[in-house]
file my_file19.cif (mmCIF, C-alpha atoms (C1' of nucleotides))
data_structure
#
loop_
_atom_site.group_PDB
_atom_site.id
_atom_site.type_symbol
_atom_site.label_atom_id
_atom_site.label_comp_id
_atom_site.auth_asym_id
_atom_site.auth_seq_id
_atom_site.Cartn_x
_atom_site.Cartn_y
_atom_site.Cartn_z
ATOM 1 C CA MET A 1478 13.581 -18.238 9.613
ATOM 2 C CA PRO A 1479 11.226 -19.677 7.007
ATOM 3 C CA THR A 1480 7.966 -17.910 6.425
ATOM 4 C CA ARG A 1481 5.275 -20.054 7.968
ATOM 5 C CA GLU A 1482 2.098 -20.590 6.042
ATOM 6 C CA PRO A 1483 -1.093 -21.101 7.980
ATOM 7 C CA ALA A 1484 -2.373 -24.615 8.397
ATOM 8 C CA ALA A 1485 -3.300 -26.062 5.035
ATOM 9 C CA GLU A 1486 -6.995 -25.692 5.531
ATOM 10 C CA THR A 1487 -8.860 -25.397 2.284
ATOM 11 C CA GLY A 1488 -12.364 -24.155 1.828
ATOM 12 C CA THR A 1489 -14.039 -27.503 1.958
ATOM 13 C CA THR A 1490 -17.366 -26.791 3.593
ATOM 14 C CA ASP A 1491 -20.303 -26.067 1.326
ATOM 15 C CA ALA A 1492 -20.760 -22.620 2.787
ATOM 16 C CA THR A 1493 -17.175 -21.471 2.290
ATOM 17 C CA ALA A 1494 -16.968 -23.006 -1.189
ATOM 18 C CA ALA A 1495 -20.165 -21.246 -2.219
ATOM 19 C CA LEU A 1496 -18.916 -17.920 -0.856
ATOM 20 C CA SER A 1497 -15.533 -18.081 -2.544
ATOM 21 C CA GLY A 1498 -17.101 -19.448 -5.718
ATOM 22 C CA ALA A 1499 -19.464 -16.509 -5.933
ATOM 23 C CA ILE A 1500 -16.555 -14.083 -5.623
ATOM 24 C CA VAL A 1501 -14.507 -15.955 -8.219
ATOM 25 C CA ASP A 1502 -17.428 -15.906 -10.664
ATOM 26 C CA TRP A 1503 -18.108 -12.229 -10.021
ATOM 27 C CA PHE A 1504 -14.461 -11.293 -10.484
ATOM 28 C CA ALA A 1505 -14.364 -13.033 -13.864
ATOM 29 C CA HIS A 1506 -16.585 -10.347 -15.347
ATOM 30 C CA ALA A 1507 -16.383 -7.442 -12.876
ATOM 31 C CA ALA A 1508 -12.591 -7.065 -12.621
ATOM 32 C CA ARG A 1509 -11.343 -3.654 -13.623
ATOM 33 C CA PRO A 1510 -8.902 -3.895 -16.543
ATOM 34 C CA LEU A 1511 -5.920 -2.642 -14.573
ATOM 35 C CA PRO A 1512 -2.724 -2.658 -16.646
ATOM 36 C CA TRP A 1513 -0.711 -4.676 -14.147
ATOM 37 C CA ARG A 1514 -3.317 -7.425 -14.427
ATOM 38 C CA ALA A 1515 -2.639 -7.934 -18.141
ATOM 39 C CA ALA A 1516 -1.495 -11.441 -18.996
ATOM 40 C CA ASP A 1517 1.826 -10.352 -20.477
ATOM 41 C CA VAL A 1518 3.144 -8.154 -17.659
ATOM 42 C CA SER A 1519 6.387 -9.258 -16.036
ATOM 43 C CA PRO A 1520 6.791 -10.199 -12.371
ATOM 44 C CA TRP A 1521 8.857 -7.028 -12.038
ATOM 45 C CA ALA A 1522 5.960 -4.932 -13.335
ATOM 46 C CA VAL A 1523 3.673 -6.604 -10.797
ATOM 47 C CA LEU A 1524 6.209 -5.958 -8.047
ATOM 48 C CA VAL A 1525 6.381 -2.272 -8.952
ATOM 49 C CA SER A 1526 2.597 -2.021 -8.892
ATOM 50 C CA GLU A 1527 2.442 -3.612 -5.445
ATOM 51 C CA PHE A 1528 4.949 -1.158 -4.010
ATOM 52 C CA MET A 1529 3.015 1.750 -5.437
ATOM 53 C CA LEU A 1530 -0.324 0.421 -4.257
ATOM 54 C CA GLN A 1531 0.735 0.241 -0.618
ATOM 55 C CA GLN A 1532 -1.695 2.662 1.053
ATOM 56 C CA THR A 1533 -2.309 4.355 -2.278
ATOM 57 C CA GLN A 1534 -5.362 4.262 -4.536
ATOM 58 C CA VAL A 1535 -5.394 2.760 -8.019
ATOM 59 C CA ALA A 1536 -6.260 5.997 -9.811
ATOM 60 C CA ARG A 1537 -3.177 7.741 -8.483
ATOM 61 C CA VAL A 1538 -0.873 4.794 -9.131
ATOM 62 C CA GLN A 1539 -1.694 4.053 -12.749
ATOM 63 C CA PRO A 1540 0.111 6.934 -14.516
ATOM 64 C CA ARG A 1541 3.195 6.611 -12.329
ATOM 65 C CA TRP A 1542 3.322 2.859 -12.932
ATOM 66 C CA GLU A 1543 3.158 3.306 -16.717
ATOM 67 C CA GLU A 1544 6.112 5.695 -16.577
ATOM 68 C CA TRP A 1545 8.197 3.499 -14.320
ATOM 69 C CA ILE A 1546 7.723 0.378 -16.401
ATOM 70 C CA ARG A 1547 8.538 2.208 -19.607
ATOM 71 C CA ARG A 1548 11.623 3.789 -18.072
ATOM 72 C CA TRP A 1549 12.867 0.844 -16.017
ATOM 73 C CA PRO A 1550 11.507 -2.340 -17.631
ATOM 74 C CA THR A 1551 13.709 -4.642 -15.521
ATOM 75 C CA PRO A 1552 15.151 -4.647 -11.999
ATOM 76 C CA ALA A 1553 18.621 -4.144 -13.484
ATOM 77 C CA ASP A 1554 17.468 -0.982 -15.242
ATOM 78 C CA LEU A 1555 16.295 0.574 -12.006
ATOM 79 C CA ALA A 1556 19.283 -0.669 -10.025
ATOM 80 C CA ALA A 1557 21.576 1.048 -12.532
ATOM 81 C CA ALA A 1558 19.885 4.404 -11.979
ATOM 82 C CA PRO A 1559 20.720 6.720 -9.084
ATOM 83 C CA ALA A 1560 18.263 6.638 -6.200
ATOM 84 C CA SER A 1561 17.538 10.306 -6.835
ATOM 85 C CA ASP A 1562 15.969 9.379 -10.177
ATOM 86 C CA ALA A 1563 13.667 6.963 -8.399
ATOM 87 C CA VAL A 1564 12.629 9.577 -5.841
ATOM 88 C CA ARG A 1565 11.962 12.131 -8.596
ATOM 89 C CA ALA A 1566 9.983 9.666 -10.705
ATOM 90 C CA TRP A 1567 7.974 8.742 -7.635
ATOM 91 C CA ASP A 1568 6.739 12.310 -7.813
ATOM 92 C CA ARG A 1569 3.933 12.900 -5.324
ATOM 93 C CA LEU A 1570 2.675 9.366 -4.881
ATOM 94 C CA GLY A 1571 3.275 9.668 -1.162
ATOM 95 C CA TYR A 1572 5.422 7.747 1.309
ATOM 96 C CA PRO A 1573 8.573 8.451 -0.743
ATOM 97 C CA ARG A 1574 10.554 5.967 1.332
ATOM 98 C CA ARG A 1575 8.873 3.437 -0.925
ATOM 99 C CA ALA A 1576 10.816 4.802 -3.900
ATOM 100 C CA LEU A 1577 14.017 4.232 -1.991
ATOM 101 C CA TRP A 1578 12.951 0.757 -0.909
ATOM 102 C CA LEU A 1579 11.965 -0.163 -4.458
ATOM 103 C CA HIS A 1580 15.335 0.981 -5.717
ATOM 104 C CA ARG A 1581 17.018 -1.047 -2.992
ATOM 105 C CA ALA A 1582 14.877 -4.094 -3.746
ATOM 106 C CA ALA A 1583 15.882 -3.846 -7.407
ATOM 107 C CA THR A 1584 19.526 -3.859 -6.372
ATOM 108 C CA GLU A 1585 18.959 -6.853 -4.108
ATOM 109 C CA ILE A 1586 17.193 -8.715 -6.919
ATOM 110 C CA VAL A 1587 20.176 -8.130 -9.176
ATOM 111 C CA GLU A 1588 22.692 -9.114 -6.507
ATOM 112 C CA ARG A 1589 20.945 -12.132 -5.014
ATOM 113 C CA HIS A 1590 18.697 -13.421 -7.789
ATOM 114 C CA GLY A 1591 20.479 -12.684 -11.041
ATOM 115 C CA GLY A 1592 18.071 -9.914 -11.902
ATOM 116 C CA GLU A 1593 14.981 -12.138 -11.778
ATOM 117 C CA VAL A 1594 12.182 -11.486 -9.299
ATOM 118 C CA PRO A 1595 12.033 -14.544 -7.016
ATOM 119 C CA CYS A 1596 8.762 -16.437 -6.653
ATOM 120 C CA ASP A 1597 9.635 -17.853 -3.239
ATOM 121 C CA LEU A 1598 7.870 -16.291 -0.250
ATOM 122 C CA ASP A 1599 10.961 -16.187 1.935
ATOM 123 C CA ALA A 1600 13.126 -14.677 -0.781
ATOM 124 C CA LEU A 1601 10.478 -12.069 -1.520
ATOM 125 C CA SER A 1602 10.006 -11.235 2.149
ATOM 126 C CA ALA A 1603 13.728 -10.653 2.533
ATOM 127 C CA LEU A 1604 13.669 -7.820 -0.017
ATOM 128 C CA GLN A 1605 13.563 -4.233 1.211
ATOM 129 C CA GLY A 1606 10.035 -2.881 1.491
ATOM 130 C CA ILE A 1607 8.293 -6.224 1.059
ATOM 131 C CA GLY A 1608 6.163 -7.377 3.973
ATOM 132 C CA PRO A 1609 3.594 -10.126 4.463
ATOM 133 C CA TYR A 1610 1.043 -8.644 2.088
ATOM 134 C CA THR A 1611 3.365 -7.684 -0.762
ATOM 135 C CA ALA A 1612 5.295 -10.964 -0.708
ATOM 136 C CA ARG A 1613 2.112 -12.999 -1.082
ATOM 137 C CA ALA A 1614 0.625 -10.629 -3.634
ATOM 138 C CA ILE A 1615 3.679 -11.020 -5.880
ATOM 139 C CA ALA A 1616 3.810 -14.787 -5.438
ATOM 140 C CA ALA A 1617 0.090 -15.100 -6.179
ATOM 141 C CA PHE A 1618 -0.432 -12.521 -8.919
ATOM 142 C CA ALA A 1619 2.917 -12.647 -10.734
ATOM 143 C CA PHE A 1620 3.587 -16.375 -10.398
ATOM 144 C CA GLY A 1621 0.208 -17.968 -9.773
ATOM 145 C CA GLU A 1622 1.307 -19.531 -6.497
ATOM 146 C CA ARG A 1623 -1.438 -20.575 -4.114
ATOM 147 C CA HIS A 1624 -1.063 -18.369 -1.054
ATOM 148 C CA PRO A 1625 -3.604 -16.416 0.976
ATOM 149 C CA VAL A 1626 -3.287 -12.699 0.183
ATOM 150 C CA VAL A 1627 -4.798 -10.369 2.752
ATOM 151 C CA ASP A 1628 -5.020 -6.611 2.438
ATOM 152 C CA THR A 1629 -7.308 -4.107 4.100
ATOM 153 C CA ASN A 1630 -10.084 -4.784 1.571
ATOM 154 C CA THR A 1631 -9.978 -8.517 2.093
ATOM 155 C CA ARG A 1632 -10.017 -8.045 5.842
ATOM 156 C CA ARG A 1633 -13.181 -5.983 5.607
ATOM 157 C CA VAL A 1634 -14.933 -8.413 3.241
ATOM 158 C CA ILE A 1635 -14.209 -11.356 5.549
ATOM 159 C CA ALA A 1636 -15.198 -9.418 8.648
ATOM 160 C CA ARG A 1637 -18.569 -8.624 7.131
ATOM 161 C CA ALA A 1638 -19.414 -11.680 5.056
ATOM 162 C CA VAL A 1639 -18.091 -14.271 7.518
ATOM 163 C CA GLY A 1640 -17.748 -12.490 10.837
ATOM 164 C CA GLY A 1641 -20.997 -10.571 10.608
ATOM 165 C CA VAL A 1642 -19.413 -7.355 11.837
ATOM 166 C CA ALA A 1643 -19.016 -3.973 10.167
ATOM 167 C CA GLU A 1644 -15.269 -3.596 10.524
ATOM 168 C CA ALA A 1645 -12.302 -5.906 10.737
ATOM 169 C CA GLY A 1646 -10.746 -4.577 13.915
ATOM 170 C CA PRO A 1647 -7.007 -4.411 14.476
ATOM 171 C CA PRO A 1648 -4.968 -6.406 11.957
ATOM 172 C CA SER A 1649 -3.153 -9.577 12.939
ATOM 173 C CA THR A 1650 -1.130 -11.209 10.185
ATOM 174 C CA ARG A 1651 -1.485 -14.660 11.705
ATOM 175 C CA ARG A 1652 -5.238 -14.531 12.245
ATOM 176 C CA ASP A 1653 -5.934 -12.742 8.973
ATOM 177 C CA LEU A 1654 -3.986 -15.305 6.950
ATOM 178 C CA ASP A 1655 -5.704 -18.162 8.754
ATOM 179 C CA ALA A 1656 -9.121 -16.696 8.021
ATOM 180 C CA MET A 1657 -8.287 -16.275 4.347
ATOM 181 C CA SER A 1658 -6.783 -19.759 4.125
ATOM 182 C CA ALA A 1659 -10.050 -21.234 5.323
ATOM 183 C CA LEU A 1660 -11.796 -19.714 2.307
ATOM 184 C CA LEU A 1661 -9.111 -20.236 -0.323
ATOM 185 C CA PRO A 1662 -10.148 -22.590 -3.156
ATOM 186 C CA PRO A 1663 -7.877 -25.643 -3.595
ATOM 187 C CA ASP A 1664 -7.311 -24.966 -7.275
ATOM 188 C CA ARG A 1665 -4.407 -22.628 -8.023
ATOM 189 C CA ALA A 1666 -6.138 -20.561 -10.674
ATOM 190 C CA ARG A 1667 -9.275 -20.194 -8.594
ATOM 191 C CA ALA A 1668 -7.261 -19.358 -5.497
ATOM 192 C CA ARG A 1669 -5.594 -16.572 -7.420
ATOM 193 C CA ALA A 1670 -8.937 -15.268 -8.688
ATOM 194 C CA PHE A 1671 -10.356 -15.420 -5.180
ATOM 195 C CA ASN A 1672 -7.442 -13.462 -3.731
ATOM 196 C CA ALA A 1673 -7.821 -10.784 -6.386
ATOM 197 C CA GLY A 1674 -11.608 -10.897 -6.285
ATOM 198 C CA ALA A 1675 -11.893 -10.419 -2.528
ATOM 199 C CA MET A 1676 -9.646 -7.363 -2.781
ATOM 200 C CA GLU A 1677 -11.609 -6.052 -5.743
ATOM 201 C CA LEU A 1678 -14.914 -6.546 -3.970
ATOM 202 C CA GLY A 1679 -13.664 -4.615 -0.961
ATOM 203 C CA ALA A 1680 -12.235 -1.860 -3.132
ATOM 204 C CA THR A 1681 -15.260 -1.306 -5.341
ATOM 205 C CA VAL A 1682 -18.411 -2.650 -3.634
ATOM 206 C CA CYS A 1683 -17.853 -3.620 -0.011
ATOM 207 C CA VAL A 1684 -16.190 -0.281 0.699
ATOM 208 C CA ALA A 1685 -15.604 1.085 4.165
ATOM 209 C CA ARG A 1686 -18.107 3.899 4.383
ATOM 210 C CA ALA A 1687 -21.018 3.453 1.994
ATOM 211 C CA PRO A 1688 -21.065 -0.193 0.876
ATOM 212 C CA ARG A 1689 -23.099 -0.837 -2.262
ATOM 213 C CA CYS A 1690 -24.795 -3.994 -1.075
ATOM 214 C CA ASP A 1691 -27.329 -3.867 -3.915
ATOM 215 C CA ASP A 1692 -24.486 -4.633 -6.312
ATOM 216 C CA CYS A 1693 -22.797 -7.229 -4.136
ATOM 217 C CA PRO A 1694 -22.402 -10.770 -5.522
ATOM 218 C CA ILE A 1695 -22.444 -12.292 -2.035
ATOM 219 C CA ALA A 1696 -25.163 -10.173 -0.447
ATOM 220 C CA ASP A 1697 -27.358 -13.228 0.113
ATOM 221 C CA ARG A 1698 -24.482 -14.998 1.885
ATOM 222 C CA CYS A 1699 -23.302 -12.021 3.944
ATOM 223 C CA ALA A 1700 -23.439 -12.547 7.710
ATOM 224 C CA TRP A 1701 -23.344 -8.813 8.384
ATOM 225 C CA ARG A 1702 -26.342 -8.217 6.135
ATOM 226 C CA ALA A 1703 -28.179 -11.192 7.632
ATOM 227 C CA ALA A 1704 -27.630 -9.763 11.106
ATOM 228 C CA GLY A 1705 -29.175 -6.450 10.086
ATOM 229 C CA TYR A 1706 -25.975 -4.439 9.656
ATOM 230 C CA PRO A 1707 -25.056 -4.061 13.331
ATOM 231 C CA ALA A 1708 -22.815 -1.087 14.043
ATOM 232 C CA TYR A 1709 -19.182 -1.749 14.835
ATOM 233 C CA ASP A 1710 -18.520 -1.965 18.557
ATOM 234 C CA GLY A 1711 -14.884 -3.075 18.635
ATOM 235 C CA PRO A 1712 -11.797 -1.006 19.329
ATOM 236 C CA ARG A 1713 -11.604 2.151 17.233
ATOM 237 C CA ARG A 1714 -8.554 2.779 15.179
ATOM 238 C CA ALA A 1715 -6.523 5.703 16.515
ATOM 239 C CA ARG A 1716 -7.480 8.876 14.737
ATOM 240 C CA GLN A 1717 -4.982 9.903 12.113
ATOM 241 C CA ALA A 1718 -3.241 13.128 13.088
ATOM 242 C CA ARG A 1719 -4.309 16.125 11.044
ATOM 243 C CA PHE A 1720 -2.034 16.673 8.059
ATOM 244 C CA ALA A 1721 -2.044 20.450 7.932
ATOM 245 C CA GLY A 1722 0.761 21.657 10.160
ATOM 246 C CA SER A 1723 2.216 18.191 10.654
ATOM 247 C CA ASP A 1724 5.795 17.004 10.327
ATOM 248 C CA ARG A 1725 4.630 14.804 7.486
ATOM 249 C CA GLU A 1726 3.561 17.866 5.587
ATOM 250 C CA ALA A 1727 6.892 19.560 6.317
ATOM 251 C CA ARG A 1728 8.827 16.559 5.036
ATOM 252 C CA GLY A 1729 6.762 16.630 1.883
ATOM 253 C CA LEU A 1730 7.493 20.314 1.350
ATOM 254 C CA VAL A 1731 11.238 19.805 1.818
ATOM 255 C CA LEU A 1732 11.288 16.853 -0.517
ATOM 256 C CA ARG A 1733 9.389 18.801 -3.135
ATOM 257 C CA GLU A 1734 12.205 21.376 -3.130
ATOM 258 C CA LEU A 1735 14.913 18.728 -3.342
ATOM 259 C CA ARG A 1736 13.180 16.991 -6.238
ATOM 260 C CA ALA A 1737 12.820 20.208 -8.194
ATOM 261 C CA ALA A 1738 16.357 21.511 -7.625
ATOM 262 C CA HIS A 1739 19.095 19.553 -9.359
ATOM 263 C CA ARG A 1740 21.688 21.151 -7.099
ATOM 264 C CA PRO A 1741 22.213 21.499 -3.354
ATOM 265 C CA VAL A 1742 19.417 23.453 -1.682
ATOM 266 C CA ALA A 1743 20.658 25.746 1.058
ATOM 267 C CA LEU A 1744 19.108 25.699 4.499
ATOM 268 C CA GLU A 1745 18.023 29.324 4.106
ATOM 269 C CA GLU A 1746 16.120 28.460 0.942
ATOM 270 C CA LEU A 1747 14.321 25.654 2.717
ATOM 271 C CA ALA A 1748 13.534 27.939 5.608
ATOM 272 C CA ARG A 1749 11.576 30.123 3.208
ATOM 273 C CA VAL A 1750 9.296 27.210 2.426
ATOM 274 C CA VAL A 1751 9.077 25.417 5.777
ATOM 275 C CA ASP A 1752 8.509 26.921 9.204
ATOM 276 C CA ASP A 1753 9.954 25.784 12.532
ATOM 277 C CA ARG A 1754 9.288 22.183 11.571
ATOM 278 C CA LEU A 1755 12.268 22.327 9.206
ATOM 279 C CA ASP A 1756 14.920 20.961 11.565
ATOM 280 C CA ARG A 1757 12.850 17.950 12.527
ATOM 281 C CA ALA A 1758 11.876 17.335 8.912
ATOM 282 C CA LEU A 1759 15.482 17.390 7.715
ATOM 283 C CA GLU A 1760 16.629 15.195 10.557
ATOM 284 C CA GLY A 1761 14.008 12.630 9.677
ATOM 285 C CA LEU A 1762 14.639 12.763 5.949
ATOM 286 C CA VAL A 1763 18.387 12.322 6.459
ATOM 287 C CA ALA A 1764 17.781 9.418 8.832
ATOM 288 C CA ASP A 1765 15.565 7.802 6.205
ATOM 289 C CA GLY A 1766 18.136 8.342 3.467
ATOM 290 C CA LEU A 1767 15.832 10.621 1.486
ATOM 291 C CA ALA A 1768 18.050 13.661 1.959
ATOM 292 C CA VAL A 1769 21.814 14.004 2.144
ATOM 293 C CA ARG A 1770 23.733 16.889 3.676
ATOM 294 C CA VAL A 1771 26.413 18.137 1.298
ATOM 295 C CA ASP A 1772 28.496 21.238 0.878
ATOM 296 C CA GLY A 1773 26.039 24.046 0.274
ATOM 297 C CA GLY A 1774 22.885 22.393 1.503
ATOM 298 C CA TYR A 1775 20.840 19.260 0.942
ATOM 299 C CA VAL A 1776 20.320 16.971 -2.037
ATOM 300 C CA LEU A 1777 18.509 13.774 -2.874
ATOM 301 C CA PRO A 1778 20.595 10.599 -2.348
ATOM 302 C CA ASP A 1779 23.074 9.519 -5.053
ATOM 303 C CA SER A 1780 22.523 12.621 -7.106
ATOM 304 C "C1'" DG C 1103 2.483 -3.688 19.363
ATOM 305 C "C1'" DA C 1104 2.268 1.150 18.737
ATOM 306 C "C1'" DG C 1105 3.758 5.073 16.253
ATOM 307 C "C1'" DG C 1106 5.428 7.327 12.188
ATOM 308 C "C1'" DC C 1107 5.282 7.851 7.486
ATOM 309 C "C1'" DG C 1108 2.493 11.544 2.076
ATOM 310 C "C1'" DT C 1109 -0.954 12.812 -0.557
ATOM 311 C "C1'" DG C 1110 -5.374 13.142 -2.355
ATOM 312 C "C1'" DG C 1111 -10.325 11.694 -3.209
ATOM 313 C "C1'" DG C 1112 -14.853 11.600 -1.425
ATOM 314 C "C1'" DG C 1113 -18.662 12.006 2.007
ATOM 315 C "C1'" DT N 997 -14.619 22.623 6.142
ATOM 316 C "C1'" DC N 998 -13.201 18.722 8.225
ATOM 317 C "C1'" DC N 999 -12.622 14.018 8.751
ATOM 318 C "C1'" DC N 1000 -12.148 9.348 7.116
ATOM 319 C "C1'" DC N 1001 -9.690 6.331 4.574
ATOM 320 C "C1'" DA N 1002 -6.511 4.356 1.437
ATOM 321 C "C1'" DA N 1003 -3.490 -2.923 -2.570
ATOM 322 C "C1'" DG N 1004 1.452 -1.634 4.340
ATOM 323 C "C1'" DC N 1005 6.108 -1.527 6.026
ATOM 324 C "C1'" DC N 1006 9.746 -0.467 9.210
ATOM 325 C "C1'" DT N 1007 11.557 0.514 13.698
#
call {"tool": "encode", "arguments": {"input": "my_file19.cif", "output": "structure tokens"}}
result
Amino acid sequence: MPTREPAAETGTTDATAALSGAIVDWFAHAARPLPWRAADVSPWAVLVSEFMLQQTQVARVQPRWEEWIRRWPTPADLAAAPASDAVRAWDRLGYPRRALWLHRAATEIVERHGGEVPCDLDALSALQGIGPYTARAIAAFAFGERHPVVDTNTRRVIARAVGGVAEAGPPSTRRDLDAMSALLPPDRARARAFNAGAMELGATVCVARAPRCDDCPIADRCAWRAAGYPAYDGPRRARQARFAGSDREARGLVLRELRAAHRPVALEELARVVDDRLDRALEGLVADGLAVRVDGGYVLPDS
DNA sequence: GAGGCGTGGGG
DNA sequence: TCCCCAAGCCT
């Protein structure tokens, strides 16, 4: 089924044009010089950055991204490597399934697209690990296509500046894309700068906990500020389970052993590192394809 | 639509 | 210390 774009509303009212224009102008001088924003980076390099940036902060991504691009400069380079290399190079970025998905996506790009990252939204969305955000981010930032790009930062900026509320509430791809479409400048280059600028504003100024409104380029147009910063009264996000003692932690500990050992790791060895969570952790890792049971213990896939 | 998935920085 | 939050995606 084709990916549906929201109705082709463009920011035509004076208020929306002024808001998006202010963000575009601010981004032109305030953008951080992130390496994947350089003019000469390939669509593949942008794609790798977007995978790594899923739920992960810029500062932690940057060194890993540099290594990956140097080591695997094209999709074919990564596809030719064993998945275990990808998982090892992912190191401790978190959510290691992403390393597997990225490796799979590289293979799919080679098989279906001749080794070239597609620019089409549907083709991108069909790749492993690419959802609504990542597909539009690649189309917009790697190819300059005019699509609304909505991440958690953008959602917060719109909620505050337009909605007049402190938090965005539960995400809804349909509604979020519609809201962004209503603000998106008609011009391709400006649309791209607005997509990136709204994210940047949310990541560096309009942050979740202590927004720096004194430095905000749209403070005088912000509905939340105008309303006197009312506290959020919508549904609270479910509290994240504590990490210490969790299955997530156990999976991480197991995977750390498998990455370090270039040989099968016996169950007894793992039991020295992980407590009674070990069985569940291994079961989950095997189900996800991050661990493989072999003679003598467990290894990373394709190693 | 809810739940699960890593790891680390910052208040 | 503890808790919140983070360029989401998959099942």
call {"tool": "interface_residues", "arguments": {"input": "my_file19.cif", "of": "chain C", "to": "chain A", "cutoff": "9 Å", "atoms": "only C-alpha atoms (C1' of nucleotides)", "output": "list in words"}}
result
DG1106, DC1107, DG1108, DT1109, DG1110 and DG1113 of chain C
call {"tool": "write_last_selection", "arguments": {"input": "my_file19.cif", "atoms": "C-alpha atoms (C1' of nucleotides)", "output": "compact mmCIF listing (two decimals), in the coordinates of the input"}}
result
# COMPACT_ATOMS: atom_id res chain seq x y z
C1' DG C 1106 5.43 7.33 12.19
C1' DC C 1107 5.28 7.85 7.49
C1' DG C 1108 2.49 11.54 2.08
C1' DT C 1109 -0.95 12.81 -0.56
C1' DG C 1110 -5.37 13.14 -2.36
C1' DG C 1113 -18.66 12.01 2.01
call {"tool": "resolve_selection", "arguments": {"input": "my_file19.cif", "expression": "the PyMOL selection byres ((chain A) within 9 of (chain N))", "output": "PyMOL selection string"}}
result
chain A and resi 1526-1535+1575+1606-1611+1614+1628-1630+1676+1680+1685-1686+1716-1717+1719
call {"tool": "resolve_selection", "arguments": {"input": "my_file19.cif", "expression": "the PyMOL selection byres ((chain A and resi 1618) around 12)", "output": "JSON, numbers by chain"}}
result
{"A": [1513, 1514, 1515, 1516, 1517, 1518, 1519, 1520, 1521, 1522, 1523, 1524, 1526, 1527, 1596, 1610, 1611, 1612, 1613, 1614, 1615, 1616, 1617, 1619, 1620, 1621, 1622, 1623, 1624, 1625, 1626, 1665, 1666, 1667, 1668, 1669, 1670, 1671, 1672, 1673, 1674], "N": [1003]}
call {"tool": "atom_distance", "arguments": {"input": "my_file19.cif", "atom1": "atom CA of Ala1721 of chain A", "atom2": "atom C1' of DG1112 of chain C"}}
result
18.2 Å
call {"tool": "resolve_selection", "arguments": {"input": "my_file19.cif", "expression": "the PyMOL selection byres ((chain A and resi 1765-1779) around 8)", "output": "list in words"}}
result
Pro1559, Ala1560, Ser1561, Val1564, Pro1573, Arg1574, Leu1577, Leu1732, Leu1735, Arg1736, His1739, Arg1740, Pro1741, Val1742, Ala1743, Leu1744, Leu1759, Gly1761, Leu1762, Val1763, Ala1764 and Ser1780 of chain A
call {"tool": "residues_around", "arguments": {"input": "my_file19.cif", "residues": "Tyr1709 of chain A", "least_positions_apart": "2", "cutoff": "9 Å", "atoms": "all atoms listed in the file", "output": "PyMOL selection string"}}
result
chain A and resi 1642-1644+1646+1706-1707+1711-1713
call {"tool": "residues_near_point", "arguments": {"input": "my_file19.cif", "point": "(-19.4, -4.4, -1.6)", "cutoff": "10 Å", "atoms": "all atoms listed in the file", "output": "JSON, numbers by chain"}}
result
{"A": [1630, 1633, 1634, 1637, 1638, 1675, 1677, 1678, 1679, 1680, 1681, 1682, 1683, 1684, 1685, 1687, 1688, 1689, 1690, 1691, 1692, 1693, 1694, 1695, 1696]}
call {"tool": "closest_residue", "arguments": {"input": "my_file19.cif", "among": "A:Ser1723, A:Ser1649, A:Thr1584, A:Thr1631", "to": "DG1103 of chain C", "atoms": "all atoms listed in the file"}}
result
A:Ser1649
call {"tool": "atom_distance", "arguments": {"input": "my_file19.cif", "atom1": "atom CA of Thr1490 of chain A", "atom2": "atom CA of Leu1661 of chain A"}}
result
11.2 Å
call {"tool": "closest_residue", "arguments": {"input": "my_file19.cif", "among": "A:Asp1562, A:Ala1718, A:Ala1556, A:Pro1663", "to": "DG1105 of chain C", "atoms": "only C-alpha atoms (C1' of nucleotides)"}}
result
A:Ala1718
call {"tool": "atom_distance", "arguments": {"input": "my_file19.cif", "atom1": "atom CA of Leu1755 of chain A", "atom2": "atom CA of Gly1722 of chain A"}}
result
11.6 Å
